[in-house]
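For reference, the structure discussed in these notes is given below.
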Amino acid sequence: MIIVGVLIVVLGIAANLIWVERRGLALWQDRIGPNRVGPFGIMQVIPDMIKIFFKEDWIPKFADKKIFVIAPAIVMIFVLLNFAVIPFAPGIMVLNLNIGVLFFLACSSLGAYSIVLAGWASNNKYSLLGSMRGAAQMISYEVFMGLSLMGVVMLTGSFNLSDIVNAQKGMWFVFPQIIGFIIFFIAGIAETHRLPFDLPEAESELVAGYHSEYSSMKFGMFFVGEYLGITLISAFTVTLFLGGWLGPAFLPPVVWFFIKTFILILFFVLLRASLPRPRYDQLLSLGWKVLLPLSLLNILVTGAIILLTQ
Amino acid sequence: MFSILRSIGIAFSHAFRKRVTIQYPEKKQVLAPRWRGRIVLTRDPEGEERCVGCYLCAAACPVDCISLQATEDEYGRRYPEVFTINFSRCIFCGYCEDACPTYAIQLIPDYEMSEYNRQNLVYNKEDLLISGQGKYHGYSFYQQAGVSIKGKGNGEGAQDRNPPVDIKSLMP
């Protein structure tokens, strides 16, 4: 029952992100986004979905059929699976795992498979190049995504996400763990390959890219999968650093959760509207040379302070 | 790092600026009177058409979209019996308006000329001729020139200072 509810809400949010993104980008680019279809253009999502459905769903002759079809499904499966551990409110979550944080990291690592398989199955040199770059980016940023969360886990003492939210009743973890928050957020942007880290997709503008051979619903799945990833990273950041469903009592906890998630999603769109794209080697060197040492330092300092104040 | 935060801040401040989008068709762009839009053929203050069928606009047109055939009425006044402009070719450059010696052909700031059938974009004289004087008021070529038309003899134009010499009498 809760599963169905969570699924519907999450998929609804991801689909409506199309409208949020177009209007948000327009807001920050001095123009107006879609405003004709329905009040404020909210119904724009429906024509977009109809358009994607009716395109020709073609599998290239030279492509590896089974893997070609599975690759977009993989991204959807693992992102939706990830939503199972997130606590929306004190009682509303699908799985109350004692290793919630590890489950999240595992699922996002498995999501990297979709890029590799999509590029490989396309049987196209440029797709392969794009997917190799994308996979390298995702794998390198996953390393310190996990490490930056360790500060939060140390402060809480458990991997369980509900315990983490409950431990923030005194003060949200974003204040003591500000470095961890920034590093995790940057890593999250890279995981969903979103601007400014969208080299797998920017390749589409430059050469080809790992989803160049995809059309219609398979492309739609990559597309909606990306929006689901944005929602997931926002929800997870809110859970770990910004207090989850905690807030003054005049609104129910679920509403606080969604307000905070929505603000972070808007921040994702603002990043897309404002930042240029760095060069690929600059991206990876930032990851390995700056963010990884910083996250290790964060763990060290947090551990030292916890030991000193015990 | 600071420059990145500054970029984000600047982009965010754009949310509070006025949008540059004009919500067509409810609101339309304000155009200057010299804006090169639809082509019209105008009339002079007396109500007769200004075009004298000199073919200068057809010669000036860079894409050859104007086609006309000149003829004279019974009093000697030239006018075009056929005047077509193919608007699927016209590039709205305004060269014809610059070439016209009588201010007949003019470009007005109107652009809403969409058609479903491409043949309907070929405008004939009855589609082009308007009942007003267009952008240039008060000018009538035939009142300035010395050509004789109905109501005016030879040499009686506003530009003529002396009447023409009578060549049929003996006095010098």
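Every chain in the structure tokens takes a letter, A first, then B, and so on in the order presented; its residues are numbered from 1, and the ligands are numbered from 1 following the presented order.
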
Task: Non-local contacts of B:Ala70 (6 Å; only C-alpha atoms; under 6 positions in same chain excluded) as number ranges by chain - done: B: 53, 79-81

Task: Contact residues around A:Leu297 with only C-alpha atoms at 12 Å, ignoring same-chain residues under 4 positions, as a PyMOL selection string - done: chain A and resi 144+147-148+150-151+177+179-180+183+290-293+301-304

Each chain B residue no farther than 8 Å from chain A, nearest pair in Å, only C-alpha atoms, as CSV:
```
residue,atom,partner,partner_atom,distance
B:Ile4,CA,A:Leu275,CA,7.2
B:Ser7,CA,A:Ser274,CA,6.0
B:Ile8,CA,A:Ser274,CA,5.4
B:Ile10,CA,A:Ser274,CA,7.9
B:Ala11,CA,A:Ser274,CA,5.4
B:Phe12,CA,A:Trp28,CA,6.1
B:Ser13,CA,A:Trp28,CA,7.6
B:His14,CA,A:Trp28,CA,5.1
B:Ala15,CA,A:Trp28,CA,5.0
B:Arg17,CA,A:Asp30,CA,6.8
B:Lys18,CA,A:Asp30,CA,6.8
B:Arg19,CA,A:Asp30,CA,4.7
B:Val20,CA,A:Arg31,CA,5.7
B:Thr21,CA,A:Arg31,CA,5.4
```

Expected file contents, prior selection, N, CA and C atoms, as a PDB file, in the first residue's frame:
```pdb
ATOM      1  N   ILE B   4      32.300  30.705  -8.736  1.00  0.00           N
ATOM      2  CA  ILE B   4      31.162  29.818  -9.000  1.00  0.00           C
ATOM      3  C   ILE B   4      29.946  30.292  -8.214  1.00  0.00           C
ATOM      4  N   SER B   7      28.495  33.291  -9.791  1.00  0.00           N
ATOM      5  CA  SER B   7      27.667  32.990 -10.973  1.00  0.00           C
ATOM      6  C   SER B   7      26.285  32.529 -10.561  1.00  0.00           C
ATOM      7  N   ILE B   8      26.249  31.670  -9.543  1.00  0.00           N
ATOM      8  CA  ILE B   8      24.951  31.163  -9.108  1.00  0.00           C
ATOM      9  C   ILE B   8      24.095  32.309  -8.580  1.00  0.00           C
ATOM     10  N   ILE B  10      24.280  35.513  -9.394  1.00  0.00           N
ATOM     11  CA  ILE B  10      23.832  36.382 -10.485  1.00  0.00           C
ATOM     12  C   ILE B  10      22.668  35.739 -11.224  1.00  0.00           C
ATOM     13  N   ALA B  11      22.797  34.425 -11.504  1.00  0.00           N
ATOM     14  CA  ALA B  11      21.707  33.757 -12.218  1.00  0.00           C
ATOM     15  C   ALA B  11      20.429  33.804 -11.393  1.00  0.00           C
ATOM     16  N   PHE B  12      20.579  33.679 -10.067  1.00  0.00           N
ATOM     17  CA  PHE B  12      19.388  33.710  -9.227  1.00  0.00           C
ATOM     18  C   PHE B  12      18.741  35.084  -9.258  1.00  0.00           C
ATOM     19  N   SER B  13      19.559  36.146  -9.333  1.00  0.00           N
ATOM     20  CA  SER B  13      18.978  37.485  -9.309  1.00  0.00           C
ATOM     21  C   SER B  13      18.184  37.770 -10.567  1.00  0.00           C
ATOM     22  N   HIS B  14      18.435  36.980 -11.622  1.00  0.00           N
ATOM     23  CA  HIS B  14      17.656  37.181 -12.841  1.00  0.00           C
ATOM     24  C   HIS B  14      16.193  36.828 -12.664  1.00  0.00           C
ATOM     25  N   ALA B  15      15.872  36.127 -11.583  1.00  0.00           N
ATOM     26  CA  ALA B  15      14.471  35.776 -11.364  1.00  0.00           C
ATOM     27  C   ALA B  15      13.646  37.017 -11.086  1.00  0.00           C
ATOM     28  N   ARG B  17      14.080  40.017 -12.467  1.00  0.00           N
ATOM     29  CA  ARG B  17      14.080  41.017 -13.530  1.00  0.00           C
ATOM     30  C   ARG B  17      12.883  40.802 -14.419  1.00  0.00           C
ATOM     31  N   LYS B  18      12.598  41.822 -15.231  1.00  0.00           N
ATOM     32  CA  LYS B  18      11.472  41.751 -16.145  1.00  0.00           C
ATOM     33  C   LYS B  18      11.796  40.745 -17.244  1.00  0.00           C
ATOM     34  N   ARG B  19      10.775  39.987 -17.668  1.00  0.00           N
ATOM     35  CA  ARG B  19      10.999  39.004 -18.722  1.00  0.00           C
ATOM     36  C   ARG B  19      11.017  39.700 -20.068  1.00  0.00           C
ATOM     37  N   VAL B  20      11.793  39.154 -21.003  1.00  0.00           N
ATOM     38  CA  VAL B  20      11.844  39.806 -22.310  1.00  0.00           C
ATOM     39  C   VAL B  20      10.870  39.178 -23.297  1.00  0.00           C
ATOM     40  N   THR B  21      10.131  38.154 -22.847  1.00  0.00           N
ATOM     41  CA  THR B  21       9.209  37.512 -23.780  1.00  0.00           C
ATOM     42  C   THR B  21       7.978  38.389 -23.993  1.00  0.00           C
TER      43      THR B  21
END
```

With DSSP run on the backbone, what are the helix (DSSP H, G or I) residues within stretch 25-153 of chain B? I'd like them as a PDB file with N, CA and C atoms, in the first residue's frame.
```pdb
ATOM      1  N   LEU B  56      10.420  50.276 -62.561  1.00  0.00           N
ATOM      2  CA  LEU B  56      11.650  50.431 -61.778  1.00  0.00           C
ATOM      3  C   LEU B  56      11.678  49.479 -60.586  1.00  0.00           C
ATOM      4  N   CYS B  57      10.521  49.232 -59.942  1.00  0.00           N
ATOM      5  CA  CYS B  57      10.512  48.327 -58.787  1.00  0.00           C
ATOM      6  C   CYS B  57      10.824  46.906 -59.232  1.00  0.00           C
ATOM      7  N   ALA B  58      10.280  46.492 -60.377  1.00  0.00           N
ATOM      8  CA  ALA B  58      10.556  45.132 -60.846  1.00  0.00           C
ATOM      9  C   ALA B  58      12.026  44.980 -61.182  1.00  0.00           C
ATOM     10  N   ALA B  59      12.639  46.069 -61.697  1.00  0.00           N
ATOM     11  CA  ALA B  59      14.061  46.000 -62.026  1.00  0.00           C
ATOM     12  C   ALA B  59      14.916  45.987 -60.772  1.00  0.00           C
ATOM     13  N   ALA B  60      14.477  46.696 -59.713  1.00  0.00           N
ATOM     14  CA  ALA B  60      15.287  46.787 -58.502  1.00  0.00           C
ATOM     15  C   ALA B  60      15.181  45.550 -57.636  1.00  0.00           C
ATOM     16  N   TYR B  95      13.862  47.529 -51.423  1.00  0.00           N
ATOM     17  CA  TYR B  95      14.513  48.159 -52.580  1.00  0.00           C
ATOM     18  C   TYR B  95      13.483  48.752 -53.526  1.00  0.00           C
ATOM     19  N   CYS B  96      12.305  48.077 -53.661  1.00  0.00           N
ATOM     20  CA  CYS B  96      11.276  48.591 -54.560  1.00  0.00           C
ATOM     21  C   CYS B  96      10.768  49.937 -54.051  1.00  0.00           C
ATOM     22  N   GLU B  97      10.636  50.074 -52.721  1.00  0.00           N
ATOM     23  CA  GLU B  97      10.162  51.346 -52.177  1.00  0.00           C
ATOM     24  C   GLU B  97      11.181  52.443 -52.425  1.00  0.00           C
ATOM     25  N   ASP B  98      12.481  52.083 -52.335  1.00  0.00           N
ATOM     26  CA  ASP B  98      13.512  53.085 -52.614  1.00  0.00           C
ATOM     27  C   ASP B  98      13.546  53.463 -54.080  1.00  0.00           C
ATOM     28  N   ALA B  99      13.214  52.505 -54.974  1.00  0.00           N
ATOM     29  CA  ALA B  99      13.329  52.762 -56.413  1.00  0.00           C
ATOM     30  C   ALA B  99      12.145  53.546 -56.960  1.00  0.00           C
ATOM     31  N   ARG B 118      -0.076  27.766 -50.746  1.00  0.00           N
ATOM     32  CA  ARG B 118       1.020  28.592 -51.217  1.00  0.00           C
ATOM     33  C   ARG B 118       0.589  29.515 -52.354  1.00  0.00           C
ATOM     34  N   GLN B 119      -0.389  29.080 -53.180  1.00  0.00           N
ATOM     35  CA  GLN B 119      -0.824  29.937 -54.286  1.00  0.00           C
ATOM     36  C   GLN B 119      -1.466  31.224 -53.779  1.00  0.00           C
ATOM     37  N   ASN B 120      -2.046  31.202 -52.573  1.00  0.00           N
ATOM     38  CA  ASN B 120      -2.679  32.412 -52.059  1.00  0.00           C
ATOM     39  C   ASN B 120      -1.688  33.479 -51.664  1.00  0.00           C
ATOM     40  N   LEU B 121      -0.392  33.156 -51.722  1.00  0.00           N
ATOM     41  CA  LEU B 121       0.606  34.156 -51.379  1.00  0.00           C
ATOM     42  C   LEU B 121       0.967  35.036 -52.572  1.00  0.00           C
ATOM     43  N   LYS B 125      -3.215  43.025 -58.074  1.00  0.00           N
ATOM     44  CA  LYS B 125      -3.349  44.451 -57.788  1.00  0.00           C
ATOM     45  C   LYS B 125      -4.518  44.717 -56.841  1.00  0.00           C
ATOM     46  N   GLU B 126      -5.607  43.916 -56.964  1.00  0.00           N
ATOM     47  CA  GLU B 126      -6.718  44.212 -56.075  1.00  0.00           C
ATOM     48  C   GLU B 126      -6.378  43.885 -54.619  1.00  0.00           C
ATOM     49  N   ASP B 127      -5.340  43.004 -54.406  1.00  0.00           N
ATOM     50  CA  ASP B 127      -4.934  42.722 -53.026  1.00  0.00           C
ATOM     51  C   ASP B 127      -3.961  43.774 -52.519  1.00  0.00           C
ATOM     52  N   LEU B 128      -3.240  44.430 -53.473  1.00  0.00           N
ATOM     53  CA  LEU B 128      -2.174  45.332 -53.042  1.00  0.00           C
ATOM     54  C   LEU B 128      -2.626  46.777 -52.933  1.00  0.00           C
ATOM     55  N   PHE B 141       2.353  62.677 -58.245  1.00  0.00           N
ATOM     56  CA  PHE B 141       3.347  62.818 -59.311  1.00  0.00           C
ATOM     57  C   PHE B 141       2.819  63.625 -60.488  1.00  0.00           C
ATOM     58  N   TYR B 142       1.595  63.310 -60.876  1.00  0.00           N
ATOM     59  CA  TYR B 142       1.093  63.946 -62.089  1.00  0.00           C
ATOM     60  C   TYR B 142       0.805  65.417 -61.892  1.00  0.00           C
ATOM     61  N   GLN B 143       0.591  65.890 -60.678  1.00  0.00           N
ATOM     62  CA  GLN B 143       0.408  67.329 -60.472  1.00  0.00           C
ATOM     63  C   GLN B 143       1.746  68.049 -60.518  1.00  0.00           C
ATOM     64  N   GLN B 144       2.849  67.329 -60.227  1.00  0.00           N
ATOM     65  CA  GLN B 144       4.166  67.958 -60.267  1.00  0.00           C
ATOM     66  C   GLN B 144       4.725  67.984 -61.687  1.00  0.00           C
TER      67      GLN B 144
END
```

Open item on the list: I want to know what sits within 9 Å of stretch 235-245 of chain A, based on only C-alpha atoms, with residues of the same chain fewer than 2 positions away left out; could you give that as a PyMOL selection string?
Closed with: chain A and resi 83+86-90+104+149+152+161-162+164-169+171-175+177-178+180-181+184-185+188+230-233+247+252-258+260-262+264-265

- [ ] Excluding A:Leu105 and any residue of its chain fewer than 3 positions from it, enumerate the residues within 8 Å of it, using only C-alpha atoms, and give them as a ChimeraX atom specification.
- [x] /A:101-102,108-109,142,146

Task: Which of stretch 55-117 of chain B fall in strand (DSSP E or B), as a ChimeraX atom specification - done: /B:66-72,78-86,105-107

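Proximity to B:Leu31 at 12 Å, evaluated using only C-alpha atoms and with sequence-adjacent residues fewer than 2 positions away removed, yields Lys28, Gln29, Pro33, Arg34, Trp35, Arg36, Gly37, Ile108, Pro109, Asp110 and Tyr111 of chain B.
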
Using only C-alpha atoms, which protein or nucleic acid residues come within 9 Å of B:Val147? Drop anything in the same chain fewer than 4 positions from it, and give the result as a PDB file with N, CA and C atoms, in the first residue's frame.
```
ATOM      1  N   GLY B  76      -4.054  59.591 -71.602  1.00  0.00           N
ATOM      2  CA  GLY B  76      -2.599  59.563 -71.609  1.00  0.00           C
ATOM      3  C   GLY B  76      -1.984  59.302 -70.251  1.00  0.00           C
ATOM      4  N   ARG B  77      -2.749  58.977 -69.251  1.00  0.00           N
ATOM      5  CA  ARG B  77      -2.164  58.722 -67.922  1.00  0.00           C
ATOM      6  C   ARG B  77      -1.787  57.249 -67.836  1.00  0.00           C
ATOM      7  N   TYR B 142       1.595  63.310 -60.876  1.00  0.00           N
ATOM      8  CA  TYR B 142       1.093  63.946 -62.089  1.00  0.00           C
ATOM      9  C   TYR B 142       0.805  65.417 -61.892  1.00  0.00           C
ATOM     10  N   GLN B 143       0.591  65.890 -60.678  1.00  0.00           N
ATOM     11  CA  GLN B 143       0.408  67.329 -60.472  1.00  0.00           C
ATOM     12  C   GLN B 143       1.746  68.049 -60.518  1.00  0.00           C
ATOM     13  N   LYS B 152      -5.671  68.422 -67.029  1.00  0.00           N
ATOM     14  CA  LYS B 152      -4.416  69.194 -66.964  1.00  0.00           C
ATOM     15  C   LYS B 152      -3.750  69.077 -68.320  1.00  0.00           C
ATOM     16  N   GLY B 153      -3.325  70.202 -68.836  1.00  0.00           N
ATOM     17  CA  GLY B 153      -2.690  70.148 -70.148  1.00  0.00           C
ATOM     18  C   GLY B 153      -1.204  69.962 -70.031  1.00  0.00           C
ATOM     19  N   ASN B 154      -0.557  70.057 -71.207  1.00  0.00           N
ATOM     20  CA  ASN B 154       0.886  69.929 -71.252  1.00  0.00           C
ATOM     21  C   ASN B 154       1.539  71.125 -70.612  1.00  0.00           C
ATOM     22  N   GLY B 155       2.515  70.920 -69.788  1.00  0.00           N
ATOM     23  CA  GLY B 155       3.277  72.035 -69.247  1.00  0.00           C
ATOM     24  C   GLY B 155       2.609  72.761 -68.106  1.00  0.00           C
ATOM     25  N   GLU B 156       1.569  72.163 -67.478  1.00  0.00           N
ATOM     26  CA  GLU B 156       0.885  72.884 -66.403  1.00  0.00           C
ATOM     27  C   GLU B 156       1.186  72.284 -65.041  1.00  0.00           C
ATOM     28  N   GLY B 157       2.311  71.543 -64.952  1.00  0.00           N
ATOM     29  CA  GLY B 157       2.617  70.914 -63.674  1.00  0.00           C
ATOM     30  C   GLY B 157       3.155  71.922 -62.679  1.00  0.00           C
TER      31      GLY B 157
END
```

- [ ] Show which residues sit within 7 Å of A:Ala118, as a count of residues only. Count only C-alpha atoms, and ignore same-chain residues fewer than 3 positions away.
- [x] 8

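Of note, atom CA of A:Val269 and atom CA of A:Ile13 are spaced 14.4 Å apart.
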